[in-house]
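Text of entry20.txt (compact mmCIF, C-alpha atoms (C1' of nucleotides)) as supplied:
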# COMPACT_ATOMS: atom_id res chain seq x y z
CA MET A 1 -12.16 66.60 28.80
CA GLN A 2 -13.75 63.39 30.05
CA LEU A 3 -14.83 60.61 27.71
CA ALA A 4 -18.57 61.16 28.14
CA GLU A 5 -18.28 64.84 27.26
CA ALA A 6 -15.95 64.14 24.35
CA LYS A 7 -18.31 61.51 22.95
CA ALA A 8 -21.26 63.89 23.14
CA LYS A 9 -19.26 66.61 21.45
CA PHE A 10 -18.05 64.34 18.69
CA ILE A 11 -21.58 63.11 17.99
CA ALA A 12 -22.95 66.65 17.88
CA ASP A 13 -20.13 67.93 15.66
CA TRP A 14 -20.20 65.01 13.28
CA GLY A 15 -23.95 65.50 12.99
CA ARG A 16 -23.58 69.19 12.20
CA PHE A 17 -20.80 68.44 9.74
CA GLY A 18 -22.97 65.87 7.99
CA THR A 19 -25.72 68.35 7.22
CA ASN A 20 -23.21 70.36 5.13
CA TRP A 21 -22.88 67.31 2.96
CA GLY A 22 -26.49 66.50 2.31
CA ILE A 23 -26.56 63.79 4.97
CA ASN A 24 -29.20 64.27 7.60
CA ARG A 25 -28.18 65.10 11.11
CA THR A 26 -29.51 61.96 12.75
CA MET A 27 -27.90 59.69 10.20
CA ALA A 28 -24.53 61.32 10.81
CA GLN A 29 -25.02 61.11 14.58
CA ILE A 30 -25.79 57.41 14.48
CA HIS A 31 -22.74 56.96 12.31
CA ALA A 32 -20.62 58.89 14.82
CA LEU A 33 -21.96 56.83 17.70
CA LEU A 34 -21.15 53.56 15.97
CA LEU A 35 -17.70 54.82 14.93
CA ILE A 36 -16.68 55.29 18.53
CA SER A 37 -18.37 52.20 19.98
CA PRO A 38 -16.00 49.34 20.71
CA ASP A 39 -18.84 46.87 20.19
CA PRO A 40 -21.85 46.68 17.90
CA LEU A 41 -24.99 48.37 19.25
CA SER A 42 -28.64 47.35 19.06
CA ALA A 43 -31.42 49.64 17.87
CA ASP A 44 -32.48 50.07 21.50
CA GLU A 45 -29.04 51.19 22.55
CA VAL A 46 -28.94 53.75 19.75
CA MET A 47 -32.42 55.03 20.73
CA GLU A 48 -31.29 55.35 24.30
CA GLU A 49 -27.95 57.04 23.60
CA LEU A 50 -29.30 59.61 21.16
CA SER A 51 -32.82 59.99 22.59
CA ILE A 52 -34.55 59.38 19.31
CA SER A 53 -37.49 57.23 18.31
CA ARG A 54 -37.40 53.66 17.13
CA GLY A 55 -38.69 54.57 13.67
CA ASN A 56 -36.02 57.18 13.24
CA VAL A 57 -33.26 54.76 14.23
CA ASN A 58 -34.58 52.13 11.88
CA MET A 59 -34.85 54.45 8.89
CA ASN A 60 -31.44 56.01 9.31
CA ILE A 61 -29.62 52.77 10.01
CA ARG A 62 -31.20 51.32 6.92
CA GLU A 63 -29.84 54.24 4.94
CA LEU A 64 -26.37 53.86 6.48
CA ILE A 65 -26.41 50.22 5.44
CA ASP A 66 -27.48 51.34 1.97
CA TRP A 67 -24.46 53.61 1.81
CA GLY A 68 -22.25 50.71 2.83
CA LEU A 69 -21.10 52.46 6.01
CA VAL A 70 -22.75 50.21 8.56
CA GLN A 71 -23.29 46.48 8.80
CA LYS A 72 -25.73 44.25 10.59
CA VAL A 73 -24.07 41.94 13.07
CA ILE A 74 -25.88 38.87 14.34
CA LYS A 75 -24.77 37.65 17.74
CA PRO A 76 -25.14 33.89 18.15
CA GLY A 77 -28.03 32.97 20.36
CA GLU A 78 -29.66 36.43 20.22
CA ARG A 79 -32.74 37.60 18.40
CA LYS A 80 -31.71 41.26 18.36
CA GLU A 81 -29.81 42.73 15.45
CA TYR A 82 -26.69 44.67 16.23
CA PHE A 83 -24.94 47.27 14.10
CA SER A 84 -21.35 48.25 13.62
CA ALA A 85 -19.61 50.87 11.49
CA GLU A 86 -16.51 50.54 9.35
CA LYS A 87 -13.81 52.27 11.40
CA ASP A 88 -11.10 52.79 8.79
CA ILE A 89 -11.76 56.35 7.64
CA TRP A 90 -10.06 55.81 4.30
CA LYS A 91 -12.48 53.03 3.53
CA VAL A 92 -15.34 55.23 4.70
CA ALA A 93 -14.20 58.08 2.45
CA ARG A 94 -13.81 55.78 -0.54
CA GLN A 95 -17.23 54.29 0.07
CA ILE A 96 -18.83 57.75 0.24
CA VAL A 97 -17.07 58.87 -2.94
CA LYS A 98 -18.23 55.71 -4.66
CA GLU A 99 -21.86 56.14 -3.67
CA ARG A 100 -22.03 59.85 -4.41
CA LYS A 101 -20.44 59.32 -7.77
CA LYS A 102 -23.05 56.69 -8.54
CA ARG A 103 -25.91 58.89 -7.38
CA GLU A 104 -24.73 62.17 -8.86
CA LEU A 105 -21.99 62.20 -11.46
CA ASP A 106 -23.11 59.03 -13.23
CA LEU A 107 -26.58 60.55 -13.64
CA MET A 108 -25.28 63.92 -14.78
CA ILE A 109 -22.98 62.70 -17.55
CA PRO A 110 -25.69 61.47 -19.96
CA VAL A 111 -27.74 64.61 -19.33
CA LEU A 112 -24.78 66.77 -20.32
CA LYS A 113 -24.30 64.75 -23.47
CA GLU A 114 -27.91 65.33 -24.43
CA LEU A 115 -27.66 69.05 -23.70
CA SER A 116 -24.50 69.38 -25.76
CA GLU A 117 -26.46 68.28 -28.82
CA VAL A 118 -28.71 71.32 -28.83
CA GLU A 119 -29.86 72.39 -32.31
CA GLY A 120 -29.15 75.83 -33.64
CA ASP A 121 -26.77 78.08 -35.51
CA LYS A 122 -23.34 78.18 -33.89
CA ARG A 123 -22.94 81.78 -35.06
CA ASP A 124 -25.79 82.70 -32.73
CA LYS A 125 -24.07 84.01 -29.60
CA ALA A 126 -26.67 82.46 -27.27
CA VAL A 127 -26.20 79.02 -28.84
CA LYS A 128 -22.44 79.32 -28.79
CA THR A 129 -22.25 80.34 -25.15
CA PHE A 130 -24.59 77.52 -24.21
CA THR A 131 -22.71 74.78 -26.01
CA ASP A 132 -19.33 76.11 -24.92
CA THR A 133 -20.41 76.07 -21.29
CA ILE A 134 -21.93 72.62 -21.51
CA ASN A 135 -18.85 71.23 -23.24
CA ASN A 136 -16.61 72.81 -20.66
CA ILE A 137 -18.64 71.12 -17.92
CA ARG A 138 -18.56 67.84 -19.83
CA LYS A 139 -14.81 67.87 -20.11
CA PHE A 140 -14.55 68.54 -16.42
CA SER A 141 -17.05 65.81 -15.55
CA ASP A 142 -15.35 63.22 -17.71
CA GLN A 143 -12.07 64.00 -16.04
CA ALA A 144 -13.65 63.81 -12.60
CA ASP A 145 -15.28 60.53 -13.56
CA ARG A 146 -11.97 58.91 -14.41
CA THR A 147 -10.11 60.40 -11.48
CA LEU A 148 -12.73 59.29 -8.98
CA ASP A 149 -12.85 55.78 -10.41
CA THR A 150 -9.13 55.47 -9.92
CA MET A 151 -9.34 56.83 -6.40
CA ILE A 152 -12.11 54.37 -5.54
CA ARG A 153 -9.94 51.51 -6.69
CA ALA A 154 -6.74 52.71 -5.05
CA ASP A 155 -5.70 51.56 -1.63
CA GLU A 156 -4.76 54.01 1.04
CA HIS A 157 -1.08 53.50 0.89
CA TRP A 158 -0.83 53.83 -2.84
CA PHE A 159 -3.08 56.83 -2.94
CA LEU A 160 -1.42 58.78 -0.15
CA GLY A 161 2.06 57.85 -1.21
CA SER A 162 1.68 58.81 -4.83
CA LEU A 163 -0.38 61.88 -4.25
CA MET A 164 2.00 63.23 -1.69
CA LYS A 165 4.99 62.58 -3.84
CA LEU A 166 3.19 64.43 -6.59
CA PHE A 167 1.96 67.35 -4.55
CA GLY A 168 5.02 67.65 -2.44
CA GLY A 169 7.32 67.85 -5.42
CA LYS A 170 7.57 69.71 -8.68
CA ARG A 171 5.23 72.39 -9.90
CA ASP A 172 5.03 71.39 -13.58
CA MET B 1 -33.63 69.89 -28.66
CA GLN B 2 -34.08 73.60 -29.16
CA LEU B 3 -32.08 76.16 -27.20
CA ALA B 4 -34.98 77.35 -25.03
CA GLU B 5 -35.79 73.84 -23.92
CA ALA B 6 -32.13 72.98 -23.34
CA LYS B 7 -31.62 76.11 -21.23
CA ALA B 8 -34.65 75.31 -19.10
CA LYS B 9 -33.43 71.75 -18.62
CA PHE B 10 -29.92 72.80 -17.72
CA ILE B 11 -31.19 75.31 -15.15
CA ALA B 12 -33.51 72.74 -13.59
CA ASP B 13 -30.81 70.03 -13.50
CA TRP B 14 -28.09 72.28 -12.17
CA GLY B 15 -30.52 73.42 -9.48
CA ARG B 16 -31.33 69.87 -8.47
CA PHE B 17 -27.66 68.94 -8.53
CA GLY B 18 -26.84 71.90 -6.28
CA THR B 19 -29.17 70.74 -3.53
CA ASN B 20 -27.08 67.55 -3.23
CA TRP B 21 -24.16 69.75 -2.36
CA GLY B 22 -25.67 71.93 0.31
CA ILE B 23 -26.27 74.80 -2.11
CA ASN B 24 -29.85 75.91 -2.29
CA ARG B 25 -31.81 75.31 -5.44
CA THR B 26 -32.40 78.92 -6.35
CA MET B 27 -28.77 79.85 -5.88
CA ALA B 28 -27.72 77.04 -8.19
CA GLN B 29 -30.37 78.03 -10.75
CA ILE B 30 -29.21 81.62 -10.84
CA HIS B 31 -25.68 80.35 -11.24
CA ALA B 32 -26.77 78.12 -14.13
CA LEU B 33 -28.60 80.98 -15.82
CA LEU B 34 -25.57 83.25 -15.61
CA LEU B 35 -23.25 80.48 -16.80
CA ILE B 36 -25.10 80.19 -20.08
CA SER B 37 -25.78 83.89 -20.63
CA PRO B 38 -23.51 85.50 -23.18
CA ASP B 39 -23.94 88.85 -21.44
CA PRO B 40 -24.31 89.95 -17.85
CA LEU B 41 -27.89 90.03 -16.57
CA SER B 42 -29.66 92.49 -14.29
CA ALA B 43 -31.67 91.48 -11.22
CA ASP B 44 -34.85 92.17 -13.20
CA GLU B 45 -33.81 89.83 -15.96
CA VAL B 46 -33.04 87.07 -13.46
CA MET B 47 -36.41 87.61 -11.74
CA GLU B 48 -38.15 87.40 -15.08
CA GLU B 49 -36.29 84.33 -16.38
CA LEU B 50 -36.66 82.27 -13.23
CA SER B 51 -39.99 83.68 -11.98
CA ILE B 52 -38.71 84.46 -8.52
CA SER B 53 -39.02 87.50 -6.31
CA ARG B 54 -36.67 90.44 -6.14
CA GLY B 55 -35.67 89.66 -2.55
CA ASN B 56 -34.81 86.11 -3.43
CA VAL B 57 -32.67 87.20 -6.36
CA ASN B 58 -30.87 89.74 -4.27
CA MET B 59 -30.12 87.34 -1.44
CA ASN B 60 -28.88 84.52 -3.60
CA ILE B 61 -26.80 86.70 -5.89
CA ARG B 62 -25.19 88.18 -2.82
CA GLU B 63 -24.30 84.69 -1.69
CA LEU B 64 -22.93 83.74 -5.10
CA ILE B 65 -20.72 86.83 -4.95
CA ASP B 66 -19.67 85.77 -1.46
CA TRP B 67 -18.62 82.40 -2.84
CA GLY B 68 -16.62 84.16 -5.53
CA LEU B 69 -18.67 82.62 -8.34
CA VAL B 70 -20.40 85.76 -9.61
CA GLN B 71 -19.31 89.33 -10.12
CA LYS B 72 -21.07 92.66 -10.33
CA VAL B 73 -20.62 94.35 -13.66
CA ILE B 74 -21.28 98.06 -14.05
CA LYS B 75 -22.21 99.16 -17.54
CA PRO B 76 -21.10 102.72 -18.31
CA GLY B 77 -23.97 105.17 -18.35
CA GLU B 78 -26.40 102.82 -16.57
CA ARG B 79 -27.76 102.84 -13.07
CA LYS B 80 -28.58 99.13 -12.95
CA GLU B 81 -26.13 96.57 -11.69
CA TYR B 82 -25.49 93.58 -13.89
CA PHE B 83 -24.11 90.18 -12.91
CA SER B 84 -21.93 87.66 -14.66
CA ALA B 85 -20.56 84.26 -13.69
CA GLU B 86 -17.07 82.87 -14.08
CA LYS B 87 -17.38 80.50 -17.05
CA ASP B 88 -14.20 78.46 -16.68
CA ILE B 89 -15.42 75.39 -14.82
CA TRP B 90 -11.98 74.62 -13.44
CA LYS B 91 -11.86 78.00 -11.79
CA VAL B 92 -15.37 77.46 -10.49
CA ALA B 93 -14.44 74.07 -9.04
CA ARG B 94 -11.29 75.46 -7.40
CA GLN B 95 -13.24 78.36 -5.94
CA ILE B 96 -15.86 76.02 -4.48
CA VAL B 97 -13.21 73.74 -3.00
CA LYS B 98 -11.49 76.75 -1.48
CA GLU B 99 -14.64 78.11 0.13
CA ARG B 100 -15.89 74.78 1.41
CA LYS B 101 -12.50 73.99 2.86
CA LYS B 102 -12.56 77.32 4.67
CA ARG B 103 -16.07 76.79 5.95
CA GLU B 104 -15.79 73.13 6.90
CA LEU B 105 -12.41 71.46 7.14
CA ASP B 106 -10.63 74.44 8.66
CA LEU B 107 -13.24 74.52 11.43
CA MET B 108 -13.12 70.78 12.01
CA ILE B 109 -9.36 70.38 12.44
CA PRO B 110 -9.03 72.20 15.78
CA VAL B 111 -12.10 70.41 17.13
CA LEU B 112 -10.51 67.05 16.34
CA LYS B 113 -7.32 68.07 18.07
CA GLU B 114 -9.27 68.95 21.19
CA LEU B 115 -11.18 65.66 21.08
CA SER B 116 -7.98 63.66 20.67
CA GLU B 117 -6.80 64.94 24.04
CA VAL B 118 -9.56 63.19 25.99
CA GLU B 119 -8.53 62.11 29.50
CA GLY B 120 -8.73 58.51 30.61
CA ASP B 121 -7.00 55.18 30.84
CA LYS B 122 -5.91 53.91 27.44
CA ARG B 123 -6.42 50.36 28.63
CA ASP B 124 -10.14 51.14 28.87
CA LYS B 125 -11.60 49.80 25.63
CA ALA B 126 -14.08 52.68 25.30
CA VAL B 127 -11.30 55.25 25.63
CA LYS B 128 -9.05 53.41 23.23
CA THR B 129 -11.70 53.07 20.53
CA PHE B 130 -12.57 56.72 20.88
CA THR B 131 -9.03 58.05 20.59
CA ASP B 132 -8.16 55.61 17.83
CA THR B 133 -11.13 56.74 15.77
CA ILE B 134 -10.47 60.42 16.36
CA ASN B 135 -6.81 60.03 15.48
CA ASN B 136 -7.69 58.14 12.35
CA ILE B 137 -10.01 60.98 11.32
CA ARG B 138 -7.32 63.52 12.18
CA LYS B 139 -4.76 61.84 10.00
CA PHE B 140 -7.22 61.79 7.16
CA SER B 141 -8.19 65.43 7.66
CA ASP B 142 -4.61 66.63 7.80
CA GLN B 143 -3.90 64.83 4.57
CA ALA B 144 -7.01 66.27 2.94
CA ASP B 145 -6.03 69.71 4.18
CA ARG B 146 -2.67 69.59 2.47
CA THR B 147 -3.95 67.98 -0.70
CA LEU B 148 -6.76 70.51 -1.11
CA ASP B 149 -4.41 73.43 -0.51
CA THR B 150 -2.21 72.21 -3.29
CA MET B 151 -5.13 71.70 -5.59
CA ILE B 152 -6.42 75.20 -4.89
CA ARG B 153 -3.05 76.63 -5.85
CA ALA B 154 -2.59 74.51 -8.94
CA ASP B 155 -3.60 75.70 -12.38
CA GLU B 156 -5.74 73.56 -14.60
CA HIS B 157 -3.04 72.46 -16.91
CA TRP B 158 -0.67 71.40 -14.20
CA PHE B 159 -3.33 69.67 -12.22
CA LEU B 160 -4.87 67.71 -15.04
CA GLY B 161 -1.57 66.87 -16.62
CA SER B 162 0.06 65.57 -13.49
CA LEU B 163 -2.94 63.82 -12.10
CA MET B 164 -3.64 62.02 -15.32
CA LYS B 165 -0.06 60.97 -15.69
CA LEU B 166 -0.25 59.64 -12.18
CA PHE B 167 -3.57 57.88 -12.43
CA GLY B 168 -3.05 56.66 -15.94
CA GLY B 169 0.31 55.13 -15.14
CA LYS B 170 1.82 52.85 -12.58
CA ARG B 171 0.00 51.16 -9.74
CA ASP B 172 2.97 51.22 -7.32
C1' DT C 1 -49.62 26.93 15.03
C1' DC C 2 -49.13 30.44 18.60
C1' DG C 3 -47.35 34.23 20.92
C1' DA C 4 -43.34 36.77 22.26
C1' DA C 5 -39.70 39.45 20.60
C1' DC C 6 -38.35 41.97 17.56
C1' DT C 7 -38.33 45.11 12.95
C1' DT C 8 -40.62 48.00 9.55
C1' DT C 9 -43.94 51.28 7.84
C1' DC C 10 -46.25 55.55 7.32
C1' DA C 11 -49.49 59.42 8.32
C1' DA C 12 -49.47 63.22 11.20
C1' DA C 13 -46.80 66.65 13.72
C1' DA C 14 -42.68 69.23 14.58
C1' DC C 15 -39.03 71.47 12.91
C1' DT C 16 -36.07 73.74 9.45
C1' DT C 17 -35.20 76.34 5.48
C1' DA C 18 -36.51 79.21 1.52
C1' DT C 19 -39.43 82.73 -0.51
C1' DT C 20 -42.24 86.66 -0.89
C1' DG C 21 -43.27 91.46 -1.13
C1' DA C 22 -43.75 95.67 0.92
C1' DA C 23 -41.12 99.03 3.38
C1' DA C 24 -36.74 101.09 4.21
C1' DG C 25 -32.40 102.41 2.49
C1' DT C 26 -29.13 104.20 -0.95
C1' DT C 27 -27.36 106.46 -4.96
C1' DT C 28 -27.71 109.35 -8.87
C1' DT C 29 -29.24 113.02 -11.65
C1' DA C 30 -31.22 117.40 -12.35
C1' DT D 1 -32.37 119.28 -2.24
C1' DA D 2 -35.91 116.40 -4.25
C1' DA D 3 -37.46 112.81 -6.61
C1' DA D 4 -36.54 108.88 -9.49
C1' DA D 5 -34.25 104.62 -9.98
C1' DC D 6 -32.55 101.38 -8.11
C1' DT D 7 -30.92 97.80 -4.03
C1' DT D 8 -31.46 95.76 0.49
C1' DT D 9 -33.86 94.08 4.50
C1' DC D 10 -36.89 91.31 7.14
C1' DA D 11 -41.26 89.61 9.19
C1' DA D 12 -44.70 86.71 7.66
C1' DT D 13 -45.66 82.69 5.25
C1' DA D 14 -44.92 78.78 2.28
C1' DA D 15 -42.48 74.75 1.16
C1' DG D 16 -39.66 71.05 2.30
C1' DT D 17 -37.61 67.78 5.50
C1' DT D 18 -37.28 65.06 9.57
C1' DT D 19 -39.24 62.79 13.52
C1' DT D 20 -42.55 60.42 16.13
C1' DG D 21 -45.20 56.59 17.68
C1' DA D 22 -48.66 53.47 17.11
C1' DA D 23 -50.01 49.81 14.11
C1' DA D 24 -48.70 46.27 11.00
C1' DG D 25 -45.47 42.90 9.70
C1' DT D 26 -41.95 39.30 10.44
C1' DT D 27 -39.32 35.66 12.59
C1' DC D 28 -38.31 32.26 15.88
C1' DG D 29 -38.77 28.71 19.37
C1' DA D 30 -41.70 25.65 21.74

What's the structure tokens form of this structure?
Amino acid sequence: MQLAEAKAKFIADWGRFGTNWGINRTMAQIHALLLISPDPLSADEVMEELSISRGNVNMNIRELIDWGLVQKVIKPGERKEYFSAEKDIWKVARQIVKERKKRELDLMIPVLKELSEVEGDKRDKAVKTFTDTINNIRKFSDQADRTLDTMIRADEHWFLGSLMKLFGGKRD
Amino acid sequence: MQLAEAKAKFIADWGRFGTNWGINRTMAQIHALLLISPDPLSADEVMEELSISRGNVNMNIRELIDWGLVQKVIKPGERKEYFSAEKDIWKVARQIVKERKKRELDLMIPVLKELSEVEGDKRDKAVKTFTDTINNIRKFSDQADRTLDTMIRADEHWFLGSLMKLFGGKRD
DNA sequence: TCGAACTTTCAAAACTTATTGAAAGTTTTA
DNA sequence: TAAAACTTTCAATAAGTTTTGAAAGTTCGA
């Protein structure tokens, strides 16, 4: 496969993949394009490469910056803004975990606490099933919360090394 | 908060949460409803509780069964089918990881291999950046593949115990 | 301060996905 | 075998999301 074809395929696939994860297709495509660009690109170059409108490029790049996946680059002596993506996938993964945790888990935990405090007679089967389920989810979420925090802090080498030693080895 | 209010809130929140994860709102709501029901529910009961159509219930329950999160329950002497959800959240999480891995990562890995075999001169900066990025993603994906497989196989106790020992302890 | 070069906004349009409900299909009982 | 009791399908439609592009806003250099 030639580079041009491979690039197009990667952009399309990364875009499709992104939609599975609640990221919109264009945002993932811009991310893909920047990941494989040796140099930062301007909004015009992104428009051109992906055949999308200026507004669309602007909105989605803004969101990528918000997610901490893309940075503005100012070239000396130029008015245009350029954009480049973090290329180390471990950093990208950690950044995504960090943001999603902030946007999802951190919001869910207080809601679960509130729900666990439902009033009612514990001998009532409906009440018992409800609180048991909520508490089960809480325990899981608290665990996930701590585990993800540690992962976010860990560096690649430590994380891979330890996890592989763990998973590769004993079974209890 | 009274039970009825808490149930409604949980169903709404779980539904909203689901959409962040590529699961549609109704599917997540049905799942929530079944999670907090002491007994299996019929399609009619789900329709009634969530005010949604029969077709919608049927489609989404079918998908939940497909994901391995819900089971048909036949009550002796009754024509109706009833449905119940797995209530152990660790099993639910493992099941979701297993299905998503099958539907996403397992499809991505061969594509990345193909893309890594792009033709061209490695001294060309565009080619080098492309293959470097793809190989970086491949390494990450292969690692994730193995780690997730192990997690899917692990039981709750082993997983939590080991992971917490690991994350709670040394920093390398 | 002006105007050129650029970025941002946002309402309307296009596209995508989810839902309905009536019709078709299936299973069970008598 | 017939009819009742249920489940499934699917075309039409509704709802939700993304994209466009023109207008408004901003910044910079002279």

Give as JSON, numbers by chain the set of residues within 10 Å of the point (-47.8, 42.2, 12.2), where distances use the file's coordinates and all atoms listed in the file.
-> {"C": [7, 8], "D": [23, 24, 25, 26]}

Which residue of A:Gln143, A:Thr129, A:Val118, A:Arg138 approaches Leu35 of chain B most closely, using only C-alpha atoms =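 Checking each of A:Gln143, A:Thr129, A:Val118, A:Arg138 against Leu35 of chain B, counting only C-alpha atoms, the winner is A:Thr129.
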
Would you give me, as number ranges by chain, the residues of chain B that come within 9 Å of chain C, using all atoms listed in the file?
-> B: 24, 26, 52-56, 79

Specify as a list in words all residues of chain D found within 8 Å of chain B, counting all atoms listed in the file.
->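 So the residues of chain D near chain B are DA5, DC6 and DT8 of chain D.
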
Using all atoms listed in the file, find which residues of chain B lie within 8 Å of chain A and jot them down as a PyMOL selection string.
-> chain B and resi 1-3+6-7+10+17+19-22+35-38+87-90+104+115+117-120+125-127+129-130+133+136-137+140+147+150+158+162-164+166-167+171-172

Take atom CA of Val70 of chain A and atom CA of Arg94 of chain A and report the distance between them in Å, one decimal.
->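 It comes out at 13.9 Å.
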
Interatomic distance, atom C1' of DA22 of chain D to atom CA of Glu49 of chain A (Å, one decimal) |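 Between atom C1' of DA22 of chain D and atom CA of Glu49 of chain A the gap is 22.0 Å.
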
What is the atom C1' of DA2 of chain D to atom CA of Val73 of chain B distance in Å?
->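 Pair atom C1' of DA2 of chain D / atom CA of Val73 of chain B returns 28.4 Å.
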